[in-house]
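As provided, work_13.tsv (TSV, C-alpha atoms) reads as follows.
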chain	number	residue	atom	x	y	z
A	1	MET	CA	124.46	60.86	180.75
A	2	PRO	CA	125.30	60.76	177.04
A	3	ARG	CA	128.47	58.90	176.18
A	4	SER	CA	130.10	62.02	174.73
A	5	ARG	CA	129.62	63.87	178.03
A	6	ALA	CA	130.94	60.96	180.06
A	7	VAL	CA	134.23	60.69	178.15
A	8	PRO	CA	135.97	63.65	179.90
A	9	TYR	CA	135.07	62.22	183.32
A	10	MET	CA	136.34	58.80	182.33
A	11	LEU	CA	139.62	60.34	181.20
A	12	LEU	CA	139.94	62.18	184.52
A	13	LEU	CA	139.14	59.09	186.60
A	14	PRO	CA	142.69	57.61	186.73
A	15	SER	CA	144.12	60.93	187.89
A	16	LEU	CA	141.40	61.32	190.51
A	17	VAL	CA	142.08	57.83	191.82
A	18	ILE	CA	145.81	58.58	192.11
A	19	ILE	CA	145.15	61.91	193.85
A	20	ALA	CA	142.74	60.22	196.26
A	21	GLY	CA	145.30	57.54	197.02
A	22	ILE	CA	148.09	60.04	197.60
A	23	SER	CA	146.13	62.74	199.45
A	24	PHE	CA	143.11	61.23	201.18
A	25	TYR	CA	144.15	57.71	202.10
A	26	PRO	CA	147.08	58.89	204.31
A	27	ILE	CA	144.66	61.20	206.16
A	28	TYR	CA	142.23	58.32	206.69
A	29	TYR	CA	145.07	56.06	207.84
A	30	ALA	CA	146.36	58.68	210.30
A	31	VAL	CA	142.88	59.20	211.75
A	32	ASP	CA	142.42	55.44	212.11
A	33	ILE	CA	145.78	55.01	213.84
A	34	SER	CA	145.08	57.92	216.21
A	35	LEU	CA	141.94	56.18	217.45
A	36	HIS	CA	143.84	53.08	218.57
A	37	GLN	CA	146.62	52.08	220.88
A	38	THR	CA	149.65	50.80	219.01
A	39	ARG	CA	152.59	48.53	219.59
A	40	TYR	CA	155.19	49.70	217.13
A	41	LEU	CA	153.22	49.79	213.84
A	42	GLU	CA	150.56	47.34	214.94
A	43	LYS	CA	147.15	48.51	216.14
A	44	THR	CA	146.00	46.91	219.37
A	45	ALA	CA	143.01	48.33	221.29
A	46	PHE	CA	140.49	50.88	220.08
A	47	VAL	CA	140.53	53.92	222.40
A	48	GLY	CA	138.43	56.40	220.43
A	49	LEU	CA	139.36	59.98	221.31
A	50	GLY	CA	141.55	58.84	224.18
A	51	GLN	CA	144.77	59.86	222.42
A	52	TYR	CA	143.42	63.36	221.85
A	53	ALA	CA	142.20	63.67	225.45
A	54	ARG	CA	145.63	62.64	226.65
A	55	LEU	CA	147.24	65.40	224.59
A	56	LEU	CA	145.24	68.06	226.45
A	57	THR	CA	147.01	67.14	229.69
A	58	ASP	CA	150.41	66.39	228.15
A	59	PHE	CA	152.86	69.11	229.17
A	60	GLU	CA	155.27	68.25	226.35
A	61	PHE	CA	152.51	68.53	223.75
A	62	LEU	CA	151.31	71.89	225.05
A	63	ARG	CA	154.89	73.12	225.18
A	64	ALA	CA	155.52	71.96	221.60
A	65	LEU	CA	152.33	73.70	220.47
A	66	ARG	CA	153.49	76.96	222.06
A	67	ILE	CA	156.95	76.63	220.47
A	68	SER	CA	155.37	75.92	217.06
A	69	LEU	CA	153.24	79.05	217.27
A	70	LYS	CA	156.26	81.14	218.29
A	71	PHE	CA	158.34	79.70	215.46
A	72	ALA	CA	155.64	80.18	212.80
A	73	LEU	CA	154.62	83.66	213.96
A	74	GLY	CA	158.19	84.89	214.43
A	75	SER	CA	159.25	83.62	211.02
A	76	LEU	CA	156.15	85.10	209.37
A	77	LEU	CA	156.64	88.54	210.93
A	78	LEU	CA	160.22	88.65	209.61
A	79	THR	CA	159.85	86.91	206.26
A	80	LEU	CA	156.94	88.84	204.75
A	81	PRO	CA	158.24	92.37	205.50
A	82	LEU	CA	161.75	91.42	204.37
A	83	GLY	CA	160.38	89.94	201.16
A	84	MET	CA	158.31	93.07	200.55
A	85	ILE	CA	161.30	95.38	201.13
A	86	PHE	CA	163.50	93.49	198.65
A	87	ALA	CA	160.65	93.27	196.12
A	88	LEU	CA	160.11	97.04	196.29
A	89	LEU	CA	163.84	97.65	195.83
A	90	LEU	CA	164.13	95.25	192.91
A	91	ASN	CA	161.10	96.80	191.28
A	92	ARG	CA	162.94	100.10	190.96
A	93	PRO	CA	165.25	100.89	187.99
A	94	ILE	CA	168.54	100.38	189.83
A	95	ARG	CA	171.91	99.37	188.39
A	96	PHE	CA	172.87	95.66	188.41
A	97	ARG	CA	169.27	94.74	189.20
A	98	ALA	CA	169.59	91.32	187.54
A	99	THR	CA	172.69	90.57	189.61
A	100	PHE	CA	170.96	91.54	192.83
A	101	ARG	CA	167.97	89.36	191.94
A	102	THR	CA	170.26	86.38	191.44
A	103	ILE	CA	172.08	86.95	194.74
A	104	LEU	CA	168.87	87.40	196.73
A	105	VAL	CA	167.39	84.17	195.39
A	106	ILE	CA	170.41	82.01	196.30
A	107	PRO	CA	169.15	81.00	199.81
A	108	TRP	CA	165.97	79.68	198.19
A	109	THR	CA	167.96	77.26	196.02
A	110	LEU	CA	169.40	75.47	199.06
A	111	SER	CA	167.58	72.58	200.68
A	112	GLN	CA	166.69	72.68	204.36
A	113	SER	CA	169.39	70.08	205.08
A	114	VAL	CA	172.11	72.09	203.36
A	115	THR	CA	170.93	75.32	204.98
A	116	GLY	CA	170.91	73.69	208.41
A	117	MET	CA	174.40	72.26	208.03
A	118	LEU	CA	175.70	75.56	206.67
A	119	TRP	CA	174.48	77.52	209.68
A	120	VAL	CA	175.48	74.83	212.19
A	121	TRP	CA	179.02	75.24	210.85
A	122	ALA	CA	178.80	79.05	210.82
A	123	LEU	CA	177.47	79.16	214.40
A	124	ASN	CA	179.81	76.51	215.80
A	125	ALA	CA	181.02	77.72	219.18
A	126	SER	CA	184.52	76.28	218.67
A	127	TYR	CA	185.59	77.05	215.11
A	128	GLY	CA	182.71	78.79	213.31
A	129	PRO	CA	183.28	82.09	211.46
A	130	VAL	CA	180.73	83.86	213.65
A	131	LYS	CA	182.69	82.78	216.74
A	132	TYR	CA	185.90	84.09	215.10
A	133	LEU	CA	184.31	87.49	214.40
A	134	LEU	CA	183.06	87.74	217.99
A	135	ASP	CA	186.53	86.84	219.27
A	136	GLN	CA	188.00	89.64	217.16
A	137	ALA	CA	185.41	92.03	218.60
A	138	GLY	CA	186.44	91.11	222.15
A	139	PHE	CA	183.52	88.89	223.13
A	140	GLY	CA	184.05	85.74	225.12
A	141	GLN	CA	182.89	82.21	224.42
A	142	VAL	CA	179.31	82.22	223.13
A	143	MET	CA	177.11	79.14	222.93
A	144	PHE	CA	174.72	79.75	220.05
A	145	LEU	CA	172.56	76.71	219.29
A	146	GLY	CA	173.48	75.18	222.65
A	147	ASN	CA	171.90	78.06	224.57
A	148	PRO	CA	168.22	77.40	225.43
A	149	GLU	CA	167.52	81.15	225.39
A	150	TRP	CA	168.95	81.69	221.91
A	151	ALA	CA	168.33	78.47	219.99
A	152	LEU	CA	164.76	79.13	218.84
A	153	THR	CA	165.52	82.75	217.92
A	154	LEU	CA	168.50	81.68	215.83
A	155	ILE	CA	166.46	79.04	214.01
A	156	ILE	CA	163.80	81.66	213.26
A	157	LEU	CA	166.48	83.93	211.80
A	158	VAL	CA	167.96	81.10	209.72
A	159	ASN	CA	164.49	80.13	208.52
A	160	THR	CA	163.85	83.76	207.54
A	161	TRP	CA	167.13	83.86	205.60
A	162	MET	CA	166.17	80.65	203.79
A	163	THR	CA	162.54	81.60	203.05
A	164	TYR	CA	162.45	85.33	202.23
A	165	PRO	CA	163.27	84.81	198.49
A	166	LEU	CA	159.89	83.12	197.96
A	167	PRO	CA	157.80	86.14	199.04
A	168	THR	CA	160.30	88.40	197.29
A	169	VAL	CA	159.72	86.67	193.93
A	170	LEU	CA	155.94	86.55	194.36
A	171	PHE	CA	155.67	90.16	195.54
A	172	LEU	CA	157.95	91.35	192.74
A	173	ALA	CA	155.77	89.62	190.16
A	174	ALA	CA	152.67	91.22	191.68
A	175	LEU	CA	154.26	94.67	191.80
A	176	GLN	CA	154.96	94.53	188.09
A	177	THR	CA	151.22	94.20	187.42
A	178	VAL	CA	150.35	97.50	189.15
A	179	PRO	CA	149.45	100.04	186.42
A	180	ARG	CA	152.03	102.80	186.17
A	181	GLU	CA	149.20	105.29	185.59
A	182	LEU	CA	148.17	104.94	189.24
A	183	TYR	CA	151.61	105.99	190.42
A	184	GLU	CA	151.69	108.89	187.98
A	185	SER	CA	148.30	110.10	189.22
A	186	ALA	CA	149.42	109.82	192.84
A	187	LYS	CA	152.56	111.79	192.06
A	188	ILE	CA	150.50	114.53	190.41
A	189	ASP	CA	148.22	114.65	193.46
A	190	GLY	CA	151.25	115.13	195.70
A	191	CYS	CA	151.08	111.78	197.53
A	192	SER	CA	154.17	110.80	199.47
A	193	THR	CA	155.98	107.52	198.84
A	194	TRP	CA	154.57	106.07	202.06
A	195	ALA	CA	151.00	107.13	201.20
A	196	THR	CA	151.35	105.72	197.69
A	197	TYR	CA	152.43	102.37	199.10
A	198	TRP	CA	149.52	102.14	201.56
A	199	LYS	CA	146.84	103.50	199.24
A	200	ILE	CA	147.87	101.98	195.90
A	201	THR	CA	150.57	99.32	196.05
A	202	LEU	CA	149.47	97.24	199.02
A	203	PRO	CA	145.72	97.15	198.18
A	204	TYR	CA	146.53	96.19	194.59
A	205	ILE	CA	148.71	93.21	195.56
A	206	GLN	CA	146.84	92.17	198.71
A	207	ASN	CA	145.68	88.89	197.14
A	208	THR	CA	149.28	87.90	196.51
A	209	VAL	CA	150.29	88.94	200.03
A	210	MET	CA	147.56	86.84	201.65
A	211	THR	CA	148.24	83.83	199.40
A	212	THR	CA	151.94	84.04	200.23
A	213	ALA	CA	151.14	84.33	203.94
A	214	ILE	CA	149.10	81.11	203.73
A	215	MET	CA	151.88	79.28	201.89
A	216	VAL	CA	154.71	80.24	204.24
A	217	THR	CA	152.64	79.75	207.41
A	218	LEU	CA	151.83	76.17	206.42
A	219	GLN	CA	155.47	75.62	205.52
A	220	PHE	CA	156.67	76.96	208.87
A	221	PHE	CA	154.18	74.99	210.91
A	222	ASN	CA	155.07	71.72	209.18
A	223	MET	CA	158.85	72.24	209.07
A	224	VAL	CA	161.00	69.41	210.39
A	225	THR	CA	164.26	69.09	208.46
A	226	LEU	CA	165.80	72.47	209.27
A	227	ILE	CA	165.10	72.15	213.00
A	228	TYR	CA	166.21	68.52	213.10
A	229	VAL	CA	169.53	69.28	211.40
A	230	MET	CA	170.30	72.34	213.52
A	231	THR	CA	169.21	71.27	217.01
A	232	GLY	CA	167.24	68.03	216.85
A	233	GLY	CA	164.63	69.70	219.07
A	234	GLY	CA	167.11	70.73	221.75
A	235	PRO	CA	168.63	72.13	223.82
A	236	LEU	CA	166.33	71.02	226.63
A	237	GLY	CA	163.43	70.77	224.20
A	238	THR	CA	163.32	74.53	223.52
A	239	THR	CA	163.09	74.00	219.74
A	240	SER	CA	160.88	70.90	219.82
A	241	THR	CA	157.93	71.98	217.69
A	242	LEU	CA	154.81	69.89	217.07
A	243	SER	CA	156.16	68.68	213.73
A	244	MET	CA	159.41	67.64	215.44
A	245	ARG	CA	157.44	65.75	218.10
A	246	VAL	CA	155.49	63.91	215.40
A	247	PHE	CA	158.71	62.98	213.61
A	248	LEU	CA	160.54	61.82	216.73
A	249	ASP	CA	157.59	59.97	218.26
A	250	GLY	CA	156.65	58.30	214.99
A	251	PHE	CA	160.07	57.24	213.69
A	252	PHE	CA	162.31	57.04	216.77
A	253	ASN	CA	160.16	56.45	219.84
A	254	PHE	CA	157.60	54.31	217.96
A	255	ARG	CA	154.69	56.04	219.69
A	256	VAL	CA	152.81	55.88	216.40
A	257	ALA	CA	149.31	56.51	217.78
A	258	ALA	CA	150.40	59.61	219.69
A	259	ALA	CA	152.30	60.86	216.65
A	260	ALA	CA	149.21	60.34	214.46
A	261	ALA	CA	147.05	62.26	216.94
A	262	MET	CA	149.51	65.18	216.97
A	263	GLY	CA	149.67	65.01	213.19
A	264	MET	CA	145.90	65.41	212.99
A	265	VAL	CA	146.15	68.41	215.34
A	266	ILE	CA	148.66	69.98	212.95
A	267	PHE	CA	146.38	69.18	210.01
A	268	SER	CA	143.44	70.84	211.79
A	269	LEU	CA	145.50	73.93	212.62
A	270	ASN	CA	146.59	74.19	208.99
A	271	ILE	CA	142.93	74.22	207.95
A	272	VAL	CA	142.13	76.86	210.58
A	273	PHE	CA	145.01	79.06	209.41
A	274	SER	CA	144.00	78.73	205.77
A	275	PHE	CA	140.32	79.57	206.36
A	276	SER	CA	141.29	82.48	208.61
A	277	TYR	CA	143.48	83.99	205.90
A	278	VAL	CA	140.78	83.46	203.26
A	279	ARG	CA	138.15	85.09	205.48
A	280	VAL	CA	140.37	88.11	206.09
A	281	LEU	CA	141.05	88.34	202.35
A	282	ARG	CA	137.35	88.25	201.45
A	283	ARG	CA	136.54	90.86	204.08
A	284	SER	CA	139.25	93.17	202.73
A	285	GLU	CA	137.85	92.75	199.22
A	286	ILE	CA	134.37	93.77	200.45
A	287	TYR	CA	135.61	96.94	202.09
Could you show the structure in this file as structure tokens?
Amino acid sequence: MPRSRAVPYMLLLPSLVIIAGISFYPIYYAVDISLHQTRYLEKTAFVGLGQYARLLTDFEFLRALRISLKFALGSLLLTLPLGMIFALLLNRPIRFRATFRTILVIPWTLSQSVTGMLWVWALNASYGPVKYLLDQAGFGQVMFLGNPEWALTLIILVNTWMTYPLPTVLFLAALQTVPRELYESAKIDGCSTWATYWKITLPYIQNTVMTTAIMVTLQFFNMVTLIYVMTGGGPLGTTSTLSMRVFLDGFFNFRVAAAAAMGMVIFSLNIVFSFSYVRVLRRSEIY
């Protein structure tokens, strides 16, 4: 290769080495750990796929997997439609639109820790404002995050409140790229608002919708901080997702090999989700 052609690759080499060290070495290290037994952070015996085989018969792992799927799917089914609704509203020429945009984006500016603490206070069964409002309405004592039947649902709702500004911003940006001529033609042809949305708006921004779906699904499936702050995986393990199990086993219970194996399961599921979305997107483009 001529020297002039090699120069760009030589300039990129330091960045590629850093990226490899940050991205690929942790994956290799996690795979290596998951193939061994460990004592704290020290590898002992090589067990091959034994850790993964053990997960298939581990009730807590299977339960955490089911809870993770419920949490990710429930949050996705609420976040994307809510983001689309607000984006459609903000795309219209309404009064105080800039003010509404600012207000709607506020939850996105808060970290997961702050959001969790805010809603733990709001939902406190002894002195929280939600408890006060229910008392005024004549309801009795209500255990919110301490109720196994309500805890996961409430975390999904809080996660939706925290996350919907991201799809709102992305959808709004995509909506502003739709040519106005298409809407004018649809109006002349007598299309209803609903038909215009399904036939023009949604197909035109479908790439953004699918990309956003990938982003938020991966975020939901890997989320730890919000759940840890609000419930710590309780009550009775009803909010213990796979990511929470990895965090607790790796940093508190020192079951590092098991945590690494579950982490690789999460990594594999993330890849499956991403390829599934991309395949659906390509198929929709064909048809």
List as JSON lines every residue of segment 146-251 of chain A that is in contact with segment 60-65 of chain A, defined as an atom at most 9 Å from one of its atoms (using all atoms listed in the file), together with the nearest atom pair and the distance in Å rounded to one decimal, sorted by chain and then rising number.
{"residue": "A:Gly237", "atom": "CA", "partner": "A:Ala64", "partner_atom": "CA", "distance": 8.4}
{"residue": "A:Thr238", "atom": "CA", "partner": "A:Ala64", "partner_atom": "CA", "distance": 8.4}
{"residue": "A:Thr239", "atom": "CA", "partner": "A:Ala64", "partner_atom": "CA", "distance": 8.1}
{"residue": "A:Ser240", "atom": "CA", "partner": "A:Ala64", "partner_atom": "CA", "distance": 5.7}
{"residue": "A:Thr241", "atom": "CA", "partner": "A:Ala64", "partner_atom": "CA", "distance": 4.6}
{"residue": "A:Leu242", "atom": "CA", "partner": "A:Ala64", "partner_atom": "CA", "distance": 5.0}
{"residue": "A:Ser243", "atom": "CA", "partner": "A:Ala64", "partner_atom": "CA", "distance": 8.6}
{"residue": "A:Met244", "atom": "CA", "partner": "A:Ala64", "partner_atom": "CA", "distance": 8.5}
{"residue": "A:Arg245", "atom": "CA", "partner": "A:Ala64", "partner_atom": "CA", "distance": 7.4}
* Asked: So, counting all atoms listed in the file, which residue among A:Val105, A:Val278, A:Ile188, A:Phe267 is closest to Ile27 of chain A?
  ->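 Among A:Val105, A:Val278, A:Ile188, A:Phe267, it is A:Phe267 that comes nearest to Ile27 of chain A.
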* Asked: Of the candidates A:Val209, A:Leu90, A:Leu35, A:Leu12, which one gets nearest to Gln176 of chain A if we count all atoms listed in the file?
  ->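 Smallest separation from Gln176 of chain A among the options: A:Leu90.
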As AutoDock Vina command-line options, what would the box around segment 230-246 of chain A look like: edges along x, y and z, 4 Å added on every side, centre and edge lengths in Å to one decimal?
--center_x 162.6 --center_y 69.2 --center_z 220.1 --size_x 23.5 --size_y 18.6 --size_z 21.1
* Exercise: segment 109-119 of chain A partners within 10 Å, only C-alpha atoms, chain neighbours under 6 positions left out, as a list in words ->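 Contacts, in chain order: Gly128, Val130, Leu145, Leu154, Ile155, Val158, Asn159, Trp161, Met162, Thr163, Pro165, Met223, Val224, Thr225, Leu226, Ile227, Tyr228, Val229, Met230 and Thr231 of chain A.
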* **Distance in Å - atom CA of Phe71 of chain A versus atom CA of Leu269 of chain A** =>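 For atom CA of Phe71 of chain A relative to atom CA of Leu269 of chain A, the distance reads 14.4 Å.
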Which residues are near Thr201 of chain A? Cut-off 10 Å, all atoms listed in the file, ignore same chain within fewer than 6 positions. Put them as a PDB file with C-alpha atoms, in the frame of the given file.
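Result file part38.pdb:
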ATOM      1  CA  LEU A  88     160.110  97.040 196.290  1.00  0.00           C
ATOM      2  CA  ALA A 174     152.670  91.220 191.680  1.00  0.00           C
ATOM      3  CA  LEU A 175     154.260  94.670 191.800  1.00  0.00           C
ATOM      4  CA  VAL A 178     150.350  97.500 189.150  1.00  0.00           C
ATOM      5  CA  PRO A 179     149.450 100.040 186.420  1.00  0.00           C
ATOM      6  CA  LEU A 182     148.170 104.940 189.240  1.00  0.00           C
ATOM      7  CA  TYR A 183     151.610 105.990 190.420  1.00  0.00           C
ATOM      8  CA  TRP A 194     154.570 106.070 202.060  1.00  0.00           C
ATOM      9  CA  ALA A 195     151.000 107.130 201.200  1.00  0.00           C
TER      10      ALA A 195
END
* Nearest to Phe220 of chain A: which of A:Leu89, A:Leu133, A:Ala125, A:Ile156 is it, counting only C-alpha atoms? ->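 Distance minimum relative to Phe220 of chain A lands on A:Ile156.
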* Quick one: everything within 12 Å of segment 48-53 of chain A, counting all atoms listed in the file, minus sequence neighbours fewer than 5 positions away in the same chain. Send it as a list in words. =>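 Skipping anything fewer than 5 positions along the chain leaves Val31, Asp32, Ile33, Ser34, Leu35, His36, Gln37, Thr38, Asp58, Phe61, Arg255, Val256, Ala257, Ala258, Ala259, Ala260, Ala261, Met262, Gly263, Met264 and Val265 of chain A.
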Residues from the last selection, C-alpha atoms, saved as a PDB file, keeping the file's coordinate frame:
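This went into result_34.pdb:
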ATOM      1  CA  VAL A  31     142.880  59.200 211.750  1.00  0.00           C
ATOM      2  CA  ASP A  32     142.420  55.440 212.110  1.00  0.00           C
ATOM      3  CA  ILE A  33     145.780  55.010 213.840  1.00  0.00           C
ATOM      4  CA  SER A  34     145.080  57.920 216.210  1.00  0.00           C
ATOM      5  CA  LEU A  35     141.940  56.180 217.450  1.00  0.00           C
ATOM      6  CA  HIS A  36     143.840  53.080 218.570  1.00  0.00           C
ATOM      7  CA  GLN A  37     146.620  52.080 220.880  1.00  0.00           C
ATOM      8  CA  THR A  38     149.650  50.800 219.010  1.00  0.00           C
ATOM      9  CA  ASP A  58     150.410  66.390 228.150  1.00  0.00           C
ATOM     10  CA  PHE A  61     152.510  68.530 223.750  1.00  0.00           C
ATOM     11  CA  ARG A 255     154.690  56.040 219.690  1.00  0.00           C
ATOM     12  CA  VAL A 256     152.810  55.880 216.400  1.00  0.00           C
ATOM     13  CA  ALA A 257     149.310  56.510 217.780  1.00  0.00           C
ATOM     14  CA  ALA A 258     150.400  59.610 219.690  1.00  0.00           C
ATOM     15  CA  ALA A 259     152.300  60.860 216.650  1.00  0.00           C
ATOM     16  CA  ALA A 260     149.210  60.340 214.460  1.00  0.00           C
ATOM     17  CA  ALA A 261     147.050  62.260 216.940  1.00  0.00           C
ATOM     18  CA  MET A 262     149.510  65.180 216.970  1.00  0.00           C
ATOM     19  CA  GLY A 263     149.670  65.010 213.190  1.00  0.00           C
ATOM     20  CA  MET A 264     145.900  65.410 212.990  1.00  0.00           C
ATOM     21  CA  VAL A 265     146.150  68.410 215.340  1.00  0.00           C
TER      22      VAL A 265
END
Would you mind putting back N, CA and C atoms on segment 77-92 of chain A, then writing it out as a PDB file, keeping the file's coordinate frame?
ATOM      1  N   LEU A  77     156.498  87.100 210.708  1.00  0.00           N
ATOM      2  CA  LEU A  77     156.640  88.540 210.930  1.00  0.00           C
ATOM      3  C   LEU A  77     157.962  89.084 210.384  1.00  0.00           C
ATOM      4  N   LEU A  78     158.941  88.218 210.199  1.00  0.00           N
ATOM      5  CA  LEU A  78     160.220  88.650 209.610  1.00  0.00           C
ATOM      6  C   LEU A  78     160.259  88.414 208.107  1.00  0.00           C
ATOM      7  N   THR A  79     159.714  87.292 207.661  1.00  0.00           N
ATOM      8  CA  THR A  79     159.850  86.910 206.260  1.00  0.00           C
ATOM      9  C   THR A  79     159.041  87.795 205.324  1.00  0.00           C
ATOM     10  N   LEU A  80     157.780  88.049 205.654  1.00  0.00           N
ATOM     11  CA  LEU A  80     156.940  88.840 204.750  1.00  0.00           C
ATOM     12  C   LEU A  80     157.432  90.279 204.598  1.00  0.00           C
ATOM     13  N   PRO A  81     157.721  91.007 205.695  1.00  0.00           N
ATOM     14  CA  PRO A  81     158.240  92.370 205.500  1.00  0.00           C
ATOM     15  C   PRO A  81     159.575  92.399 204.757  1.00  0.00           C
ATOM     16  N   LEU A  82     160.461  91.443 205.063  1.00  0.00           N
ATOM     17  CA  LEU A  82     161.750  91.420 204.370  1.00  0.00           C
ATOM     18  C   LEU A  82     161.553  91.150 202.881  1.00  0.00           C
ATOM     19  N   GLY A  83     160.669  90.206 202.563  1.00  0.00           N
ATOM     20  CA  GLY A  83     160.380  89.940 201.160  1.00  0.00           C
ATOM     21  C   GLY A  83     159.795  91.139 200.453  1.00  0.00           C
ATOM     22  N   MET A  84     158.921  91.879 201.145  1.00  0.00           N
ATOM     23  CA  MET A  84     158.310  93.070 200.550  1.00  0.00           C
ATOM     24  C   MET A  84     159.363  94.156 200.315  1.00  0.00           C
ATOM     25  N   ILE A  85     160.255  94.353 201.273  1.00  0.00           N
ATOM     26  CA  ILE A  85     161.300  95.380 201.130  1.00  0.00           C
ATOM     27  C   ILE A  85     162.172  95.089 199.917  1.00  0.00           C
ATOM     28  N   PHE A  86     162.643  93.842 199.788  1.00  0.00           N
ATOM     29  CA  PHE A  86     163.500  93.490 198.650  1.00  0.00           C
ATOM     30  C   PHE A  86     162.729  93.576 197.339  1.00  0.00           C
ATOM     31  N   ALA A  87     161.454  93.193 197.347  1.00  0.00           N
ATOM     32  CA  ALA A  87     160.650  93.270 196.120  1.00  0.00           C
ATOM     33  C   ALA A  87     160.494  94.723 195.673  1.00  0.00           C
ATOM     34  N   LEU A  88     160.240  95.617 196.631  1.00  0.00           N
ATOM     35  CA  LEU A  88     160.110  97.040 196.290  1.00  0.00           C
ATOM     36  C   LEU A  88     161.410  97.604 195.745  1.00  0.00           C
ATOM     37  N   LEU A  89     162.540  97.168 196.323  1.00  0.00           N
ATOM     38  CA  LEU A  89     163.840  97.650 195.830  1.00  0.00           C
ATOM     39  C   LEU A  89     164.136  97.126 194.436  1.00  0.00           C
ATOM     40  N   LEU A  90     163.838  95.848 194.212  1.00  0.00           N
ATOM     41  CA  LEU A  90     164.130  95.250 192.910  1.00  0.00           C
ATOM     42  C   LEU A  90     163.163  95.715 191.829  1.00  0.00           C
ATOM     43  N   ASN A  91     162.059  96.296 192.250  1.00  0.00           N
ATOM     44  CA  ASN A  91     161.100  96.800 191.280  1.00  0.00           C
ATOM     45  C   ASN A  91     161.475  98.200 190.767  1.00  0.00           C
ATOM     46  N   ARG A  92     162.482  98.776 191.370  1.00  0.00           N
ATOM     47  CA  ARG A  92     162.940 100.100 190.960  1.00  0.00           C
ATOM     48  C   ARG A  92     164.047  99.965 189.898  1.00  0.00           C
TER      49      ARG A  92
END
